[in-house]
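See below for final.cif, which holds mmCIF, C-alpha atoms.
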data_upload
loop_
_atom_site.group_PDB
_atom_site.id
_atom_site.type_symbol
_atom_site.label_atom_id
_atom_site.label_comp_id
_atom_site.auth_asym_id
_atom_site.auth_seq_id
_atom_site.Cartn_x
_atom_site.Cartn_y
_atom_site.Cartn_z
ATOM 1 C CA GLN A 22 -278.766 -72.929 94.586
ATOM 2 C CA VAL A 23 -275.469 -71.104 94.257
ATOM 3 C CA GLN A 24 -272.574 -73.005 92.755
ATOM 4 C CA LEU A 25 -268.992 -71.946 92.173
ATOM 5 C CA VAL A 26 -266.968 -74.393 90.119
ATOM 6 C CA GLU A 27 -263.225 -73.929 89.708
ATOM 7 C CA SER A 28 -261.226 -75.440 86.889
ATOM 8 C CA GLY A 29 -257.825 -75.111 85.275
ATOM 9 C CA GLY A 30 -255.633 -76.442 88.044
ATOM 10 C CA GLY A 31 -252.915 -78.971 87.431
ATOM 11 C CA SER A 32 -249.223 -79.662 87.623
ATOM 12 C CA VAL A 33 -246.668 -77.293 86.155
ATOM 13 C CA GLN A 34 -242.948 -76.725 86.415
ATOM 14 C CA ALA A 35 -241.523 -73.695 88.152
ATOM 15 C CA GLY A 36 -241.658 -70.668 85.908
ATOM 16 C CA GLY A 37 -244.755 -71.913 84.149
ATOM 17 C CA SER A 38 -248.236 -70.454 83.953
ATOM 18 C CA LEU A 39 -251.770 -71.531 84.667
ATOM 19 C CA ARG A 40 -255.151 -69.929 84.152
ATOM 20 C CA LEU A 41 -257.828 -70.833 86.633
ATOM 21 C CA SER A 42 -261.513 -70.294 85.976
ATOM 22 C CA CYS A 43 -264.459 -70.115 88.327
ATOM 23 C CA ALA A 44 -267.919 -70.457 86.843
ATOM 24 C CA ALA A 45 -270.763 -69.187 88.981
ATOM 25 C CA SER A 46 -274.430 -70.066 88.825
ATOM 26 C CA GLY A 47 -277.506 -69.373 90.901
ATOM 27 C CA LEU A 48 -276.647 -65.766 91.697
ATOM 28 C CA THR A 49 -276.677 -62.335 90.093
ATOM 29 C CA PHE A 50 -273.010 -62.471 89.243
ATOM 30 C CA SER A 51 -272.412 -58.756 88.685
ATOM 31 C CA SER A 52 -273.677 -58.032 92.217
ATOM 32 C CA TYR A 53 -270.901 -60.099 93.748
ATOM 33 C CA SER A 54 -267.284 -59.387 94.366
ATOM 34 C CA MET A 55 -265.184 -62.444 93.611
ATOM 35 C CA GLY A 56 -262.078 -63.526 95.411
ATOM 36 C CA TRP A 57 -259.383 -66.123 94.995
ATOM 37 C CA PHE A 58 -257.797 -67.753 98.001
ATOM 38 C CA ARG A 59 -255.364 -70.597 98.385
ATOM 39 C CA GLN A 60 -254.544 -73.110 101.068
ATOM 40 C CA ALA A 61 -251.396 -75.171 101.286
ATOM 41 C CA PRO A 62 -251.202 -78.287 103.465
ATOM 42 C CA GLY A 63 -250.923 -77.378 107.123
ATOM 43 C CA LYS A 64 -251.440 -73.671 106.462
ATOM 44 C CA GLU A 65 -254.309 -71.249 106.820
ATOM 45 C CA ARG A 66 -256.343 -70.118 103.865
ATOM 46 C CA GLU A 67 -254.526 -67.190 102.234
ATOM 47 C CA PHE A 68 -255.954 -64.306 100.254
ATOM 48 C CA VAL A 69 -254.680 -64.014 96.676
ATOM 49 C CA VAL A 70 -256.785 -61.401 94.898
ATOM 50 C CA ALA A 71 -260.313 -60.041 94.594
ATOM 51 C CA ILE A 72 -262.347 -58.113 92.062
ATOM 52 C CA THR A 73 -265.510 -56.130 92.664
ATOM 53 C CA GLY A 74 -268.706 -56.711 90.721
ATOM 54 C CA ILE A 75 -269.720 -53.779 88.582
ATOM 55 C CA ASN A 76 -266.637 -51.595 88.327
ATOM 56 C CA GLY A 77 -264.033 -54.368 88.431
ATOM 57 C CA ARG A 78 -261.841 -52.800 91.073
ATOM 58 C CA THR A 79 -259.051 -55.195 92.024
ATOM 59 C CA TYR A 80 -257.150 -55.918 95.203
ATOM 60 C CA TYR A 81 -253.992 -58.014 95.201
ATOM 61 C CA ALA A 82 -252.041 -59.612 97.989
ATOM 62 C CA ASP A 83 -248.587 -58.017 98.069
ATOM 63 C CA SER A 84 -246.857 -61.385 97.982
ATOM 64 C CA LEU A 85 -248.355 -62.247 94.607
ATOM 65 C CA LYS A 86 -248.709 -58.863 92.955
ATOM 66 C CA GLY A 87 -247.064 -58.830 89.543
ATOM 67 C CA ARG A 88 -247.416 -62.571 89.025
ATOM 68 C CA VAL A 89 -251.185 -62.955 89.079
ATOM 69 C CA THR A 90 -254.005 -61.191 87.288
ATOM 70 C CA ILE A 91 -257.694 -61.440 88.050
ATOM 71 C CA SER A 92 -260.412 -60.711 85.529
ATOM 72 C CA ARG A 93 -264.090 -61.367 85.188
ATOM 73 C CA ASP A 94 -266.626 -61.773 82.426
ATOM 74 C CA ASN A 95 -270.029 -60.835 83.781
ATOM 75 C CA ALA A 96 -271.725 -62.064 80.616
ATOM 76 C CA ARG A 97 -270.284 -65.542 81.209
ATOM 77 C CA ASN A 98 -270.597 -65.469 85.010
ATOM 78 C CA THR A 99 -266.939 -66.398 85.218
ATOM 79 C CA VAL A 100 -263.899 -65.079 87.025
ATOM 80 C CA TYR A 101 -260.362 -65.925 85.978
ATOM 81 C CA LEU A 102 -256.994 -66.080 87.690
ATOM 82 C CA GLN A 103 -253.957 -65.908 85.446
ATOM 83 C CA MET A 104 -250.825 -67.023 87.267
ATOM 84 C CA ASN A 105 -247.358 -66.569 85.804
ATOM 85 C CA SER A 106 -243.803 -67.301 86.939
ATOM 86 C CA LEU A 107 -245.115 -69.979 89.254
ATOM 87 C CA LYS A 108 -242.971 -71.131 92.159
ATOM 88 C CA PRO A 109 -243.056 -74.349 94.194
ATOM 89 C CA GLU A 110 -244.398 -72.333 97.135
ATOM 90 C CA ASP A 111 -247.474 -71.534 95.052
ATOM 91 C CA THR A 112 -248.519 -75.157 95.418
ATOM 92 C CA ALA A 113 -251.927 -75.174 97.079
ATOM 93 C CA VAL A 114 -255.613 -75.731 96.587
ATOM 94 C CA TYR A 115 -257.054 -72.603 95.015
ATOM 95 C CA TYR A 116 -260.574 -71.551 95.890
ATOM 96 C CA CYS A 117 -262.858 -68.942 94.443
ATOM 97 C CA ALA A 118 -265.406 -67.208 96.632
ATOM 98 C CA ALA A 119 -268.282 -64.782 96.190
ATOM 99 C CA ARG A 120 -269.275 -61.863 98.374
ATOM 100 C CA TYR A 121 -272.457 -59.820 97.854
ATOM 101 C CA TYR A 122 -271.449 -56.207 97.185
ATOM 102 C CA GLY A 123 -268.140 -56.366 98.970
ATOM 103 C CA ASP A 124 -265.401 -53.777 98.616
ATOM 104 C CA THR A 125 -262.103 -52.583 100.141
ATOM 105 C CA TYR A 126 -258.969 -54.628 100.533
ATOM 106 C CA SER A 127 -259.425 -55.271 104.239
ATOM 107 C CA PHE A 128 -262.937 -56.570 103.728
ATOM 108 C CA LEU A 129 -262.343 -58.746 100.678
ATOM 109 C CA SER A 130 -259.105 -60.241 101.960
ATOM 110 C CA ALA A 131 -260.893 -61.877 104.896
ATOM 111 C CA PRO A 132 -262.288 -65.352 104.129
ATOM 112 C CA ASP A 133 -265.067 -65.006 106.707
ATOM 113 C CA ASN A 134 -266.636 -62.157 104.717
ATOM 114 C CA TYR A 135 -267.554 -64.355 101.759
ATOM 115 C CA ASN A 136 -270.997 -65.831 101.215
ATOM 116 C CA TYR A 137 -270.146 -68.732 98.917
ATOM 117 C CA TRP A 138 -267.153 -70.928 98.136
ATOM 118 C CA GLY A 139 -266.133 -73.318 95.408
ATOM 119 C CA GLN A 140 -264.732 -76.762 96.024
ATOM 120 C CA GLY A 141 -261.192 -75.788 95.037
ATOM 121 C CA THR A 142 -258.741 -76.831 92.370
ATOM 122 C CA GLN A 143 -255.271 -78.194 93.033
ATOM 123 C CA VAL A 144 -252.208 -76.387 91.705
ATOM 124 C CA THR A 145 -248.885 -78.172 92.003
ATOM 125 C CA VAL A 146 -245.632 -76.490 91.014
ATOM 126 C CA SER A 147 -242.526 -78.623 90.790
ATOM 127 C CA SER A 148 -238.972 -77.349 90.907
#
Show this structure as structure tokens.
Amino acid sequence: QVQLVESGGGSVQAGGSLRLSCAASGLTFSSYSMGWFRQAPGKEREFVVAITGINGRTYYADSLKGRVTISRDNARNTVYLQMNSLKPEDTAVYYCAARYYGDTYSFLSAPDNYNYWGQGTQVTVSS
């Protein structure tokens, strides 16, 4: 049974930082590209960033590039999302997702292309 468990969310003031983690189990982690998405109340799920499995190629949404960094530790079956200079509009539930051997920005930025999803972790940024 595949499980993705996010952690690290919380409340932070504008300008602050958070590091989210997503621990995966029940899959061959290095065979999966991992993505981070977010969803604010009343809005559609939005792509944040993705990283491929073996070679660690990364794809960032333009709106967040420069403020977020994705990384993965295949030995720990974990993917991380470092978020800096947070803004109130970054407030959302952040989800990690796994896609078997996915690549390219257009493919990994589409939520429907992912095989598995975590339950999400809330990030709240106050002004």
Selection result for the PyMOL selection byres ((chain A and resi 121) around 12) on this file, as a PDB file with C-alpha atoms, keeping the file's coordinate frame:
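Here's the written file result.pdb:
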ATOM      1  CA  LEU A  48    -276.647 -65.766  91.697  1.00  0.00           C
ATOM      2  CA  THR A  49    -276.677 -62.335  90.093  1.00  0.00           C
ATOM      3  CA  PHE A  50    -273.010 -62.471  89.243  1.00  0.00           C
ATOM      4  CA  SER A  51    -272.412 -58.756  88.685  1.00  0.00           C
ATOM      5  CA  SER A  52    -273.677 -58.032  92.217  1.00  0.00           C
ATOM      6  CA  TYR A  53    -270.901 -60.099  93.748  1.00  0.00           C
ATOM      7  CA  SER A  54    -267.284 -59.387  94.366  1.00  0.00           C
ATOM      8  CA  MET A  55    -265.184 -62.444  93.611  1.00  0.00           C
ATOM      9  CA  GLY A  56    -262.078 -63.526  95.411  1.00  0.00           C
ATOM     10  CA  ILE A  72    -262.347 -58.113  92.062  1.00  0.00           C
ATOM     11  CA  THR A  73    -265.510 -56.130  92.664  1.00  0.00           C
ATOM     12  CA  GLY A  74    -268.706 -56.711  90.721  1.00  0.00           C
ATOM     13  CA  ILE A  75    -269.720 -53.779  88.582  1.00  0.00           C
ATOM     14  CA  ALA A 118    -265.406 -67.208  96.632  1.00  0.00           C
ATOM     15  CA  ALA A 119    -268.282 -64.782  96.190  1.00  0.00           C
ATOM     16  CA  ARG A 120    -269.275 -61.863  98.374  1.00  0.00           C
ATOM     17  CA  TYR A 122    -271.449 -56.207  97.185  1.00  0.00           C
ATOM     18  CA  GLY A 123    -268.140 -56.366  98.970  1.00  0.00           C
ATOM     19  CA  ASP A 124    -265.401 -53.777  98.616  1.00  0.00           C
ATOM     20  CA  PHE A 128    -262.937 -56.570 103.728  1.00  0.00           C
ATOM     21  CA  LEU A 129    -262.343 -58.746 100.678  1.00  0.00           C
ATOM     22  CA  ASN A 134    -266.636 -62.157 104.717  1.00  0.00           C
ATOM     23  CA  TYR A 135    -267.554 -64.355 101.759  1.00  0.00           C
ATOM     24  CA  ASN A 136    -270.997 -65.831 101.215  1.00  0.00           C
ATOM     25  CA  TYR A 137    -270.146 -68.732  98.917  1.00  0.00           C
TER      26      TYR A 137
END
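This file, queried with the PyMOL selection byres ((chain A and resi 114) around 10), gives the residues Gly30, Phe58, Arg59, Gln60, Ala61, Pro62, Arg66, Asp111, Thr112, Ala113, Tyr115, Tyr116, Gln140, Gly141, Thr142, Gln143, Val144 and Thr145 of chain A.
Within 8 Å of Gly29 of chain A, once all atoms listed in the file are used and residues closer than 2 positions along the same chain are dropped, the contacting residues are Glu27, Gly31, Leu39, Arg40, Leu41, Ser42 and Thr142 of chain A.
In this model, the gap between atom CA of Arg88 of chain A and atom CA of Gly36 of chain A comes to 10.4 Å.
Atom CA of Tyr81 of chain A to atom CA of Leu107 of chain A spans 16.0 Å [interatomic distance, one decimal].
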>> Quick check on the file I pasted: which residues fall under the PyMOL selection byres ((chain A and resi 22) around 9)? Write them as a PyMOL selection string.
In response: chain A and resi 23-24+46-48
>> If we count all atoms listed in the file and set the cut-off at 9 Å, which residues sit around Thr79 of chain A, ignoring sequence neighbours fewer than 3 positions away in its own chain? Please answer as a ChimeraX atom specification.
In response: /A:70-73,91-92,126
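Note that the spacing between atom CA of Cys43 of chain A and atom CA of Gln103 of chain A amounts to 11.7 Å.
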